[in-house]
$ cat start_27.txt   # compact mmCIF, C-alpha atoms and all ligand atoms
# COMPACT_ATOMS: atom_id res chain seq x y z
CA MET A 1 2.31 -63.37 -46.83
CA ILE A 2 3.99 -59.98 -46.34
CA SER A 3 1.40 -57.34 -45.43
CA LEU A 4 2.38 -53.66 -45.42
CA LYS A 5 0.45 -50.96 -43.54
CA ARG A 6 -0.76 -48.07 -45.69
CA ASN A 7 -2.87 -44.99 -44.97
CA ILE A 8 -5.95 -44.06 -47.02
CA LYS A 9 -3.71 -42.32 -49.58
CA GLY A 10 -1.87 -45.60 -50.11
CA GLU A 11 1.32 -44.33 -48.45
CA LEU A 12 3.35 -46.71 -46.30
CA VAL A 13 3.08 -45.93 -42.58
CA PRO A 14 4.65 -47.59 -39.52
CA ALA A 15 2.73 -50.70 -38.47
CA ARG A 16 2.31 -50.79 -34.69
CA GLY A 17 0.39 -54.04 -34.38
CA LEU A 18 -1.93 -52.63 -31.71
CA ARG A 19 -5.41 -51.17 -31.85
CA THR A 20 -5.79 -47.52 -30.93
CA LYS A 21 -9.61 -47.43 -30.76
CA LEU A 22 -10.50 -48.39 -27.20
CA SER A 23 -14.11 -49.17 -28.16
CA SER A 24 -12.94 -52.10 -30.30
CA MET A 25 -11.34 -53.72 -27.22
CA TYR A 26 -13.04 -55.52 -24.37
CA ALA A 27 -12.06 -54.93 -20.75
CA PRO A 28 -12.70 -58.08 -18.68
CA ASN A 29 -15.98 -57.71 -16.74
CA GLN A 30 -16.90 -54.44 -18.44
CA ILE A 31 -20.59 -53.59 -18.29
CA GLU A 32 -20.82 -51.55 -21.50
CA GLU A 33 -22.28 -53.27 -24.54
CA PHE A 34 -19.70 -55.00 -26.74
CA LYS A 35 -20.22 -56.34 -30.24
CA ILE A 36 -18.87 -59.66 -31.45
CA SER A 37 -19.12 -60.35 -35.17
CA ARG A 38 -19.56 -63.73 -36.76
CA SER A 39 -15.98 -63.68 -38.00
CA LYS A 40 -14.62 -62.91 -34.50
CA PHE A 41 -16.76 -65.72 -33.09
CA ASN A 42 -15.24 -67.99 -35.72
CA ASP A 43 -11.79 -66.81 -34.60
CA PHE A 44 -12.76 -67.82 -31.07
CA LEU A 45 -13.67 -71.32 -32.26
CA LYS A 46 -10.34 -71.65 -34.08
CA CYS A 47 -8.05 -70.25 -31.39
CA LYS A 48 -9.05 -68.86 -27.99
CA ARG A 49 -5.62 -67.33 -27.54
CA CYS A 50 -5.66 -65.27 -30.75
CA PHE A 51 -9.24 -64.21 -30.06
CA TYR A 52 -8.22 -62.99 -26.59
CA LEU A 53 -5.09 -61.25 -27.88
CA ASP A 54 -7.21 -59.45 -30.46
CA ARG A 55 -10.36 -58.54 -28.51
CA VAL A 56 -8.90 -57.97 -25.03
CA GLN A 57 -5.24 -57.10 -25.61
CA GLY A 58 -5.86 -55.19 -28.83
CA LEU A 59 -3.39 -57.01 -31.06
CA VAL A 60 -4.07 -56.37 -34.75
CA SER A 61 -3.72 -59.34 -37.08
CA PRO A 62 -1.98 -58.68 -40.43
CA SER A 63 -4.55 -57.56 -42.98
CA THR A 64 -5.41 -59.56 -46.08
CA PRO A 65 -6.51 -58.21 -49.47
CA GLY A 66 -10.22 -58.33 -50.35
CA TRP A 67 -11.65 -61.14 -52.47
CA THR A 68 -12.76 -58.86 -55.27
CA LEU A 69 -13.92 -61.56 -57.73
CA ASN A 70 -16.11 -63.11 -55.03
CA GLN A 71 -17.37 -59.65 -54.10
CA ALA A 72 -18.30 -59.07 -57.76
CA THR A 73 -20.47 -62.21 -57.96
CA ASP A 74 -22.07 -61.32 -54.60
CA LEU A 75 -22.85 -57.82 -55.80
CA LEU A 76 -24.38 -58.98 -59.10
CA LEU A 77 -26.43 -61.69 -57.39
CA LYS A 78 -27.68 -59.10 -54.92
CA LYS A 79 -28.90 -56.96 -57.83
CA GLU A 80 -30.76 -59.94 -59.35
CA PHE A 81 -32.34 -60.93 -56.06
CA ASP A 82 -33.32 -57.36 -55.26
CA GLU A 83 -35.22 -57.15 -58.57
CA CYS A 84 -37.12 -60.33 -57.63
CA ARG A 85 -37.65 -58.97 -54.10
CA GLU A 86 -39.14 -55.81 -55.51
CA GLN A 87 -41.59 -57.75 -57.69
CA GLN A 88 -42.02 -60.62 -55.15
CA ILE A 89 -41.30 -63.26 -57.80
CA PRO A 90 -39.09 -66.38 -57.65
CA HIS A 91 -35.54 -66.03 -58.95
CA ARG A 92 -34.81 -67.54 -62.41
CA ILE A 93 -32.98 -70.54 -60.89
CA PHE A 94 -35.55 -71.50 -58.24
CA GLU A 95 -37.72 -73.74 -60.43
CA LYS A 96 -34.72 -75.95 -61.31
CA PHE A 97 -34.19 -76.63 -57.59
CA GLY A 98 -37.84 -77.12 -56.63
CA LEU A 99 -38.17 -73.74 -54.91
CA ASP A 100 -41.22 -72.55 -56.85
CA ASN A 101 -42.90 -71.19 -53.73
CA VAL A 102 -39.91 -69.19 -52.56
CA VAL A 103 -39.25 -65.47 -53.11
CA PRO A 104 -36.63 -63.09 -51.68
CA PHE A 105 -37.88 -61.76 -48.34
CA HIS A 106 -39.04 -58.16 -48.24
CA HIS A 107 -38.17 -56.46 -44.94
CA LYS A 108 -37.48 -52.83 -44.12
CA ASP A 109 -34.13 -53.78 -42.57
CA ILE A 110 -32.86 -56.11 -45.31
CA ASP A 111 -30.06 -53.68 -46.27
CA LEU A 112 -28.98 -53.38 -42.62
CA TRP A 113 -29.04 -57.17 -42.26
CA ARG A 114 -26.66 -57.41 -45.21
CA GLU A 115 -24.30 -54.80 -43.81
CA SER A 116 -21.67 -56.97 -42.12
CA LEU A 117 -19.26 -54.33 -40.80
CA HIS A 118 -21.51 -52.22 -38.60
CA HIS A 119 -24.89 -53.91 -38.43
CA GLY A 120 -26.09 -57.25 -39.82
CA LEU A 121 -28.50 -59.49 -37.96
CA GLN A 122 -28.11 -58.67 -34.26
CA HIS A 123 -28.92 -60.28 -30.96
CA GLN A 124 -28.00 -59.23 -27.45
CA VAL A 125 -27.07 -62.36 -25.50
CA GLU A 126 -29.48 -62.89 -22.58
CA ASN A 127 -28.15 -61.51 -19.24
CA SER A 128 -25.01 -60.29 -20.96
CA ASN A 129 -23.49 -57.15 -22.45
CA LEU A 130 -22.45 -59.05 -25.59
CA VAL A 131 -24.20 -58.29 -28.86
CA LEU A 132 -23.68 -60.87 -31.59
CA HIS A 133 -23.97 -59.73 -35.19
CA GLY A 134 -23.42 -61.05 -38.68
CA GLY A 135 -24.09 -59.70 -42.18
CA ILE A 136 -26.13 -62.17 -44.18
CA ASP A 137 -26.05 -62.47 -47.98
CA ASP A 138 -29.80 -62.89 -48.36
CA VAL A 139 -33.02 -64.06 -46.75
CA TRP A 140 -35.75 -65.75 -48.76
CA VAL A 141 -39.22 -66.70 -47.63
CA ASP A 142 -41.23 -69.88 -48.25
CA LEU A 143 -44.69 -68.62 -49.20
CA ASN A 144 -46.25 -71.97 -48.20
CA ASN A 145 -45.47 -71.52 -44.51
CA GLN A 146 -43.97 -68.01 -44.22
CA GLN A 147 -40.73 -69.40 -42.80
CA LEU A 148 -37.57 -67.43 -43.53
CA ILE A 149 -34.71 -69.12 -45.38
CA ILE A 150 -31.07 -68.28 -44.70
CA VAL A 151 -28.89 -67.94 -47.76
CA ASP A 152 -25.18 -67.55 -48.31
CA TYR A 153 -23.59 -66.95 -51.72
CA LYS A 154 -20.35 -68.81 -52.45
CA SER A 155 -18.04 -68.30 -55.42
CA GLN A 156 -15.33 -70.75 -56.34
CA SER A 157 -13.56 -72.42 -59.21
CA SER A 158 -13.28 -76.16 -59.03
CA SER A 159 -13.05 -78.79 -61.74
CA LYS A 160 -15.21 -81.05 -59.59
CA PRO A 161 -18.98 -80.75 -60.08
CA VAL A 162 -20.92 -79.07 -57.26
CA THR A 163 -23.44 -81.55 -55.86
CA LYS A 164 -25.51 -81.58 -52.70
CA GLU A 165 -24.05 -85.01 -51.89
CA THR A 166 -20.42 -83.82 -51.79
CA TYR A 167 -20.33 -80.02 -51.50
CA LEU A 168 -20.30 -79.80 -47.71
CA PHE A 169 -17.75 -82.55 -47.13
CA GLY A 170 -14.33 -81.75 -45.69
CA ALA A 171 -12.91 -79.72 -42.83
CA TYR A 172 -12.79 -76.52 -44.86
CA LYS A 173 -16.57 -76.58 -45.41
CA GLN A 174 -17.13 -76.89 -41.68
CA GLU A 175 -16.75 -73.12 -41.46
CA TYR A 176 -19.51 -72.67 -44.05
CA LYS A 177 -21.86 -74.71 -41.88
CA ILE A 178 -20.91 -72.71 -38.79
CA GLN A 179 -21.66 -69.55 -40.72
CA LEU A 180 -25.23 -70.65 -41.53
CA ASP A 181 -25.73 -71.98 -37.99
CA PHE A 182 -24.72 -68.58 -36.61
CA TYR A 183 -27.11 -66.68 -38.90
CA ALA A 184 -29.93 -69.10 -38.06
CA TYR A 185 -29.23 -68.55 -34.35
CA LEU A 186 -29.48 -64.78 -34.78
CA LEU A 187 -32.68 -64.89 -36.83
CA VAL A 188 -34.34 -67.29 -34.40
CA LYS A 189 -33.29 -65.11 -31.44
CA MET A 190 -34.67 -62.08 -33.27
CA GLY A 191 -38.07 -63.78 -33.14
CA PHE A 192 -38.47 -64.98 -36.73
CA ARG A 193 -39.75 -68.36 -37.82
CA VAL A 194 -36.85 -69.89 -39.71
CA SER A 195 -36.97 -72.80 -42.14
CA PRO A 196 -34.84 -75.72 -40.88
CA ILE A 197 -33.13 -75.79 -44.29
CA GLY A 198 -30.83 -72.96 -45.39
CA TYR A 199 -29.05 -72.75 -48.74
CA PHE A 200 -25.65 -72.07 -50.22
CA TYR A 201 -25.95 -70.47 -53.65
CA VAL A 202 -22.75 -71.76 -55.24
CA CYS A 203 -21.25 -70.15 -58.35
CA ASN A 204 -18.55 -72.40 -59.78
CA ALA A 205 -16.33 -70.91 -62.51
CA ASP A 206 -15.70 -73.44 -65.28
CA ARG A 207 -11.98 -74.28 -65.64
CA ASN A 208 -12.53 -76.64 -68.54
CA VAL A 209 -13.50 -74.18 -71.28
CA ASP A 210 -10.97 -73.75 -74.14
CA ARG A 211 -10.30 -70.03 -73.81
CA PHE A 212 -10.75 -67.12 -71.46
CA ASN A 213 -12.01 -64.49 -73.98
CA GLY A 214 -12.53 -62.02 -71.15
CA ARG A 215 -15.24 -64.12 -69.55
CA LEU A 216 -15.67 -66.61 -66.76
CA LEU A 217 -18.51 -69.04 -67.18
CA PHE A 218 -20.25 -69.97 -63.92
CA GLU A 219 -22.45 -72.91 -63.14
CA GLU A 220 -24.95 -72.09 -60.38
CA THR A 221 -26.12 -74.69 -57.89
CA ILE A 222 -28.29 -74.37 -54.80
CA ILE A 223 -27.07 -76.60 -51.98
CA PRO A 224 -29.41 -77.27 -49.04
CA TYR A 225 -28.09 -77.41 -45.49
CA SER A 226 -29.97 -78.40 -42.31
CA TRP A 227 -28.62 -75.92 -39.82
CA SER A 228 -28.12 -76.65 -36.16
CA ILE A 229 -28.00 -74.10 -33.36
CA ASP A 230 -28.07 -76.29 -30.24
CA TRP A 231 -24.31 -76.13 -29.82
CA LEU A 232 -24.06 -72.33 -29.90
CA ASP A 233 -25.22 -71.34 -26.40
CA GLN A 234 -22.47 -73.36 -24.77
CA GLN A 235 -19.77 -71.86 -27.01
CA ILE A 236 -21.09 -68.32 -26.47
CA SER A 237 -20.98 -68.88 -22.74
CA HIS A 238 -17.42 -70.19 -23.03
CA MET A 239 -16.47 -67.15 -25.13
CA THR A 240 -17.95 -64.84 -22.47
CA ASN A 241 -15.82 -66.54 -19.80
CA VAL A 242 -12.69 -66.16 -21.93
CA LEU A 243 -13.39 -62.45 -22.46
CA ASN A 244 -13.92 -61.89 -18.73
CA SER A 245 -10.78 -63.73 -17.73
CA ASP A 246 -7.33 -62.28 -16.93
CA HIS A 247 -5.79 -65.48 -18.16
CA LEU A 248 -4.30 -65.82 -21.64
CA PRO A 249 -5.79 -69.03 -23.09
CA ASP A 250 -3.75 -71.71 -24.86
CA GLY A 251 -3.13 -71.42 -28.59
CA ASN A 252 -4.01 -73.94 -31.26
CA PRO A 253 -1.07 -76.33 -31.82
CA ALA A 254 -2.09 -76.71 -35.48
CA CYS A 255 -1.64 -73.01 -36.19
CA GLU A 256 1.01 -72.23 -38.82
CA ASN A 257 1.17 -68.56 -37.80
CA CYS A 258 2.21 -69.44 -34.27
CA ALA A 259 4.74 -71.98 -35.52
CA TYR A 260 6.19 -69.30 -37.81
CA ALA A 261 6.38 -66.74 -34.98
CA MET A 262 8.04 -69.21 -32.61
CA GLN A 263 10.61 -70.35 -35.16
CA ARG A 264 11.36 -66.79 -36.11
CA THR A 265 11.90 -65.79 -32.47
CA ARG A 266 14.20 -68.79 -32.05
CA ILE A 267 16.30 -67.90 -35.11
CA GLU A 268 16.54 -64.19 -34.33
CA SER A 269 17.55 -64.78 -30.75
S1 LIG B 1 -2.03 -70.47 -32.28
FE1 LIG B 1 -2.29 -69.18 -34.13
S2 LIG B 1 -4.25 -68.34 -33.96
FE2 LIG B 1 -3.59 -69.01 -31.90
S3 LIG B 1 -2.47 -67.35 -30.88
FE3 LIG B 1 -1.01 -68.47 -32.03
S4 LIG B 1 -0.95 -67.35 -34.00
FE4 LIG B 1 -2.83 -66.85 -33.07
$ encode --input "start_27.txt" --output "structure tokens" --more "lines below"
Ligand code: SF4
Amino acid sequence: MISLKRNIKGELVPARGLRTKLSSMYAPNQIEEFKISRSKFNDFLKCKRCFYLDRVQGLVSPSTPGWTLNQATDLLLKKEFDECREQQIPHRIFEKFGLDNVVPFHHKDIDLWRESLHHGLQHQVENSNLVLHGGIDDVWVDLNNQQLIIVDYKSQSSSKPVTKETYLFGAYKQEYKIQLDFYAYLLVKMGFRVSPIGYFYVCNADRNVDRFNGRLLFEETIIPYSWSIDWLDQQISHMTNVLNSDHLPDGNPACENCAYAMQRTRIES
């Protein structure tokens, strides 16, 4: 994909490929607090080298356009769930999925928890200057036991039915699981009692209708997921070591971006 750098007026400007804001870069062994978002942690899991080039060396990855249709479903769902939160009533779909005793969680910081860019759920790693954060889509609460439930909205369009037996299969869905694991880790570390089951609220646009007529028809399904956080401490410790190292880690041999860059360098030279 060709990505062009523009200023806020939409005018093309030279792309330098390097960060200018020093606070967004980590200096190995720095003592000042440094924030790592869920998406940067996911970058670390995918490729230590790119993570290091970004966070320590300040390399800027090409930008990608926003997923505006997904954002629209997220926004509208948020409005629905906020109405239920206000009245402390179950959402219209809960009964169908056996969640009669669940309501959206009311907390003074819920808007901050959903703000992924600058806030989100936050936890300062023990004996470390790293602060992990991640913006969650929603938190519900089970009124039977007062445990919090982690929720992530997903929008898609697939001709295959969404079922709890098949939805989380495949390498691509591994990242979804990591996402819920990460949020569960943060909520647990923040001192909340968290239900061992989180949910994906999946909105699947029907491709099989006869006409568009200016509308997409979505089927909504709630998919349970038993999160796991045992693996995270070790990875966070590994990430800390990478950040504090002067050594550029190896890349991921499966990465198409690196293959493209190497082939391009070969051809141009
Ligand atoms: S392997 Fe891919 S992700 Fe890693 S450094 Fe190269 S371009 Fe970046």
$ residues_near_ligand --input "start_27.txt" --ligand "ligand LIG 1 (chain B)" --cutoff "10 Å" --atoms "only C-alpha atoms and all ligand atoms" --output "count of residues only"
27
$ residues_around --input "start_27.txt" --residues "stretch 152-165 of chain A" --least-positions-apart "3" --cutoff "9 Å" --atoms "all atoms listed in the file" --output "PyMOL selection string"
chain A and resi 69-71+73-74+77+136-139+168-169+176+179-180+198-208+218-225
$ residues_around --input "start_27.txt" --residues "A:Glu83" --least-positions-apart "5" --cutoff "12 Å" --atoms "all atoms listed in the file" --output "PyMOL selection string"
chain A and resi 76-78+88-92+103-106
$ closest_residue --input "start_27.txt" --among "A:Ser128, A:Asn213, A:Gln234, A:Gln87" --to "A:Gln30" --atoms "all atoms listed in the file"
A:Ser128
$ closest_residue --input "start_27.txt" --among "A:Arg6, A:Leu132, A:Asp142, A:Pro62" --to "A:Gly98" --atoms "all atoms listed in the file"
A:Asp142
$ closest_residue --input "start_27.txt" --among "A:Val131, A:Asn42, A:Asn144, A:Leu217" --to "A:Leu186" --atoms "only C-alpha atoms"
A:Val131
$ atom_distance --input "start_27.txt" --atom1 "atom CA of A:Lys21" --atom2 "atom CA of A:Phe34"
13.2 Å
$ residues_around --input "start_27.txt" --residues "A:Pro196" --least-positions-apart "2" --cutoff "7 Å" --atoms "only C-alpha atoms" --output "list of chain:residue names"
A:Val194, A:Gly198, A:Ser226, A:Trp227
$ residues_around --input "start_27.txt" --residues "A:Ser228" --least-positions-apart "6" --cutoff "10 Å" --atoms "only C-alpha atoms" --output "list in words"
Lys177, Ile178, Leu180, Asp181, Phe182, Ala184, Tyr185, Pro196 and Ile197 of chain A
$ atom_distance --input "start_27.txt" --atom1 "atom CA of A:Leu45" --atom2 "atom CA of A:Glu115"
22.8 Å
$ atom_distance --input "start_27.txt" --atom1 "atom CA of A:Ser195" --atom2 "atom CA of A:Ile150"
7.9 Å
$ axis_aligned_box --input "start_27.txt" --around "stretch 96-99 of chain A" --padding-each-side "5 Å" --output "lines of an AutoDock Vina configuration file"
center_x = -36.2
center_y = -75.4
center_z = -58.1
size_x = 14.0
size_y = 13.4
size_z = 16.4
$ closest_residue --input "start_27.txt" --among "A:Ser3, A:Asn29, A:Ser245, A:Ser37" --to "A:His118" --atoms "only C-alpha atoms"
A:Ser37
$ build_atoms --input "start_27.txt" --residues "stretch 74-104 of chain A" --atoms "N, CA and C atoms" --output "CSV table (one decimal), in the frame of the given file"
chain,number,residue,atom,x,y,z
A,74,ASP,N,-21.1,-61.7,-55.7
A,74,ASP,CA,-22.1,-61.3,-54.6
A,74,ASP,C,-22.9,-60.1,-55.0
A,75,LEU,N,-22.2,-59.1,-55.5
A,75,LEU,CA,-22.8,-57.8,-55.8
A,75,LEU,C,-23.9,-58.0,-56.9
A,76,LEU,N,-23.5,-58.8,-58.0
A,76,LEU,CA,-24.4,-59.0,-59.1
A,76,LEU,C,-25.6,-59.9,-58.7
A,77,LEU,N,-25.3,-60.9,-57.9
A,77,LEU,CA,-26.4,-61.7,-57.4
A,77,LEU,C,-27.4,-60.8,-56.6
A,78,LYS,N,-26.8,-60.0,-55.8
A,78,LYS,CA,-27.7,-59.1,-54.9
A,78,LYS,C,-28.6,-58.3,-55.8
A,79,LYS,N,-28.1,-57.8,-56.9
A,79,LYS,CA,-28.9,-57.0,-57.8
A,79,LYS,C,-30.0,-57.8,-58.4
A,80,GLU,N,-29.7,-59.0,-58.8
A,80,GLU,CA,-30.8,-59.9,-59.4
A,80,GLU,C,-31.8,-60.2,-58.3
A,81,PHE,N,-31.4,-60.6,-57.1
A,81,PHE,CA,-32.3,-60.9,-56.1
A,81,PHE,C,-33.2,-59.7,-55.6
A,82,ASP,N,-32.5,-58.5,-55.7
A,82,ASP,CA,-33.3,-57.4,-55.3
A,82,ASP,C,-34.4,-57.1,-56.3
A,83,GLU,N,-34.2,-57.3,-57.6
A,83,GLU,CA,-35.2,-57.2,-58.6
A,83,GLU,C,-36.4,-58.1,-58.3
A,84,CYS,N,-36.1,-59.4,-58.0
A,84,CYS,CA,-37.1,-60.3,-57.6
A,84,CYS,C,-37.8,-59.9,-56.3
A,85,ARG,N,-37.1,-59.4,-55.4
A,85,ARG,CA,-37.6,-59.0,-54.1
A,85,ARG,C,-38.7,-57.9,-54.4
A,86,GLU,N,-38.3,-56.9,-55.2
A,86,GLU,CA,-39.1,-55.8,-55.5
A,86,GLU,C,-40.5,-56.3,-56.1
A,87,GLN,N,-40.4,-57.3,-57.0
A,87,GLN,CA,-41.6,-57.8,-57.7
A,87,GLN,C,-42.2,-58.9,-57.0
A,88,GLN,N,-41.5,-59.4,-55.9
A,88,GLN,CA,-42.0,-60.6,-55.2
A,88,GLN,C,-42.3,-61.8,-56.1
A,89,ILE,N,-41.2,-62.1,-56.9
A,89,ILE,CA,-41.3,-63.3,-57.8
A,89,ILE,C,-40.1,-64.2,-57.5
A,90,PRO,N,-40.2,-65.5,-57.9
A,90,PRO,CA,-39.1,-66.4,-57.6
A,90,PRO,C,-37.9,-66.0,-58.6
A,91,HIS,N,-36.7,-66.3,-58.1
A,91,HIS,CA,-35.5,-66.0,-59.0
A,91,HIS,C,-35.5,-67.0,-60.1
A,92,ARG,N,-34.8,-66.7,-61.2
A,92,ARG,CA,-34.8,-67.5,-62.4
A,92,ARG,C,-34.4,-69.0,-62.1
A,93,ILE,N,-33.5,-69.2,-61.1
A,93,ILE,CA,-33.0,-70.5,-60.9
A,93,ILE,C,-33.8,-71.4,-60.0
A,94,PHE,N,-34.8,-70.8,-59.3
A,94,PHE,CA,-35.6,-71.5,-58.2
A,94,PHE,C,-36.3,-72.7,-58.8
A,95,GLU,N,-36.9,-72.6,-59.9
A,95,GLU,CA,-37.7,-73.7,-60.4
A,95,GLU,C,-36.9,-75.0,-60.6
A,96,LYS,N,-35.6,-74.8,-61.1
A,96,LYS,CA,-34.7,-76.0,-61.3
A,96,LYS,C,-34.4,-76.7,-60.0
A,97,PHE,N,-34.5,-76.0,-58.9
A,97,PHE,CA,-34.2,-76.6,-57.6
A,97,PHE,C,-35.4,-76.8,-56.7
A,98,GLY,N,-36.6,-76.8,-57.3
A,98,GLY,CA,-37.8,-77.1,-56.6
A,98,GLY,C,-38.3,-76.1,-55.6
A,99,LEU,N,-37.8,-74.8,-55.9
A,99,LEU,CA,-38.2,-73.7,-54.9
A,99,LEU,C,-39.2,-72.8,-55.5
A,100,ASP,N,-40.2,-73.4,-56.1
A,100,ASP,CA,-41.2,-72.6,-56.8
A,100,ASP,C,-42.0,-71.6,-55.9
A,101,ASN,N,-42.1,-72.0,-54.7
A,101,ASN,CA,-42.9,-71.2,-53.7
A,101,ASN,C,-42.0,-70.3,-52.9
A,102,VAL,N,-40.8,-70.0,-53.3
A,102,VAL,CA,-39.9,-69.2,-52.6
A,102,VAL,C,-39.7,-67.9,-53.3
A,103,VAL,N,-39.6,-66.8,-52.5
A,103,VAL,CA,-39.2,-65.5,-53.1
A,103,VAL,C,-38.3,-64.8,-52.1
A,104,PRO,N,-37.5,-63.8,-52.6
A,104,PRO,CA,-36.6,-63.1,-51.7
A,104,PRO,C,-37.5,-62.3,-50.7
